[in-house]
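Presented below is the structure to which this report refers.
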Amino acid sequence: MTSTQPPADDEFATLLEAAREIAERAYTPYSRYRVGAAAVTEDGRLVRGCNVENAGYGVTLCAECGLISELIAGGGGKLERFVCVGGDEHLAREERQVVMPCGRCRQLLSEHAGTGLVILTPEGRRSMDEVLPQPFGPADLAP
Ligand code: THU
């Protein structure tokens, strides 16, 4: 574990475990980089996702896409805690480290973030606003 990794406190220990578990199922024949994302909703559901690559590289689905799909398919709601882990396919499951969601995925998360969403990042806990300041959101579409 590198020094930039946050402590796996009790609150995030279960989510980290879930993210590392789902990362094992990632489909990554091109980048060989596995990502697992896990979140808990305000009503206590666990939702997860892993990255799914494609021969058309730009078609690749980030792990967060799967997680948001599961959120909506499972009844919707808002996210309360979120973490994603990533790393080379050869890493052992427990070696996969906390990574930041990419920019596009921060936008995806923003749409479904609860007001108290906490994101575990390599630098510790952050709010949605800290990882995506001044987001474009539903209010921007209002006439
Ligand atoms: N990836 C994710 O799944 N989520 C992110 O937030 C960052 C990047 C995936 C996409 C691709 O399969 C691999 O990581 C390398 O970019």
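Ligands are numbered from 1 in the order shown, residues from 1 within each chain, and chains are lettered A, B, ... in the order they appear in the structure tokens.
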*Step by step, measure atom-to-atom distances between ligand 1 and each residue using only C-alpha atoms and all ligand atoms, keep those at most 8 Å, then write them as a VMD selection string.*
chain A and resid 27 to 28 30 to 37 50 to 53 60 to 65 84 86 99 to 106
*asked:* Excluding region 124-127 of chain A and its own-chain neighbours fewer than 3 positions away, which residues fall within 12 Å of it when counting only C-alpha atoms? Please give them as a VMD selection string.
replied: chain A and resid 3 to 9 11 to 12 79 to 83 98 to 100 106 109 to 110 113 to 121 130 to 133
_DSSP-assigned alpha helix (DSSP H) among region 6-67 of chain A, expressed as a ChimeraX atom specification_ = /A:10-23,63-67
*asked:* Please compute the CA of Met128 (chain A)-CA of Gln107 (chain A) distance, one decimal, in Å.
replied: 9.7 Å
*asked:* Would you compute the distance between CA of Arg20 (chain A) and CA of Val85 (chain A)? Give it in Å to one decimal.
replied: 6.5 Å
_CA of Glu21 (chain A) to CA of Ala38 (chain A), distance in Å rounded to a single decimal_ =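 CA of Glu21 (chain A) sits 9.6 Å away from CA of Ala38 (chain A).
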*Apply DSSP to the structure's backbone, then extract all residues of region 45-87 of chain A labelled strand (DSSP E) and return them as a ChimeraX atom specification.*
/A:46-50,79-87
Just to be explicit: take each residue in the selection above, keep N, CA, C and O atoms, and write the result as a short mmCIF file (atom, residue, chain, number, x, y, z; two decimals), in the first residue's frame.
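Output file selection-v3.cif is given in full below:
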```
data_model
loop_
_atom_site.label_atom_id
_atom_site.label_comp_id
_atom_site.auth_asym_id
_atom_site.auth_seq_id
_atom_site.Cartn_x
_atom_site.Cartn_y
_atom_site.Cartn_z
N LEU A 46 -26.44 -1.84 -1.35
CA LEU A 46 -25.09 -1.88 -1.91
C LEU A 46 -25.21 -1.96 -3.42
O LEU A 46 -25.94 -2.81 -3.94
N VAL A 47 -24.53 -1.08 -4.14
CA VAL A 47 -24.50 -1.15 -5.61
C VAL A 47 -23.04 -1.18 -6.05
O VAL A 47 -22.18 -0.55 -5.44
N ARG A 48 -22.79 -1.90 -7.14
CA ARG A 48 -21.40 -2.11 -7.57
C ARG A 48 -21.29 -2.06 -9.08
O ARG A 48 -22.29 -2.17 -9.79
N GLY A 49 -20.08 -1.95 -9.56
CA GLY A 49 -19.85 -2.01 -11.00
C GLY A 49 -18.38 -2.26 -11.28
O GLY A 49 -17.52 -1.99 -10.43
N CYS A 50 -18.11 -2.82 -12.45
CA CYS A 50 -16.72 -3.02 -12.89
C CYS A 50 -16.61 -2.52 -14.33
O CYS A 50 -17.61 -2.39 -15.03
N LEU A 79 -26.91 8.26 -3.65
CA LEU A 79 -25.70 7.63 -3.11
C LEU A 79 -25.25 8.34 -1.82
O LEU A 79 -25.26 9.57 -1.75
N GLU A 80 -24.83 7.53 -0.87
CA GLU A 80 -24.40 8.09 0.44
C GLU A 80 -22.88 7.94 0.66
O GLU A 80 -22.24 8.80 1.26
N ARG A 81 -22.34 6.82 0.23
CA ARG A 81 -20.89 6.56 0.33
C ARG A 81 -20.45 5.90 -0.97
O ARG A 81 -21.16 5.04 -1.50
N PHE A 82 -19.25 6.27 -1.44
CA PHE A 82 -18.76 5.71 -2.72
C PHE A 82 -17.25 5.53 -2.65
O PHE A 82 -16.53 6.36 -2.09
N VAL A 83 -16.78 4.45 -3.25
CA VAL A 83 -15.34 4.27 -3.43
C VAL A 83 -15.09 3.46 -4.70
O VAL A 83 -15.92 2.62 -5.08
N CYS A 84 -13.98 3.76 -5.38
CA CYS A 84 -13.57 2.85 -6.46
C CYS A 84 -12.09 2.54 -6.31
O CYS A 84 -11.31 3.34 -5.78
N VAL A 85 -11.75 1.34 -6.74
CA VAL A 85 -10.36 0.87 -6.68
C VAL A 85 -9.93 0.49 -8.09
O VAL A 85 -10.76 0.15 -8.94
N GLY A 86 -8.64 0.56 -8.33
CA GLY A 86 -8.14 0.19 -9.65
C GLY A 86 -6.74 -0.38 -9.57
O GLY A 86 -6.06 -0.25 -8.54
N GLY A 87 -6.33 -0.98 -10.68
CA GLY A 87 -4.96 -1.49 -10.75
C GLY A 87 -4.82 -2.57 -11.79
O GLY A 87 -5.81 -3.09 -12.32
#
```
*Can you work out which one of A:Ala13, A:Ala92, A:Pro135, A:Ala142 has the shortest atom-to-atom distance to Leu108 (chain A), counting only C-alpha atoms?*
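Using only C-alpha atoms, Leu108 (chain A) sits closest to A:Pro135.
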*Which of A:Glu17, A:Glu111, A:Glu94, A:Glu89 sits closest to Ile68 (chain A) [using only C-alpha atoms]*: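 Looking only at the distances to Ile68 (chain A), the closest residue turns out to be A:Glu111.
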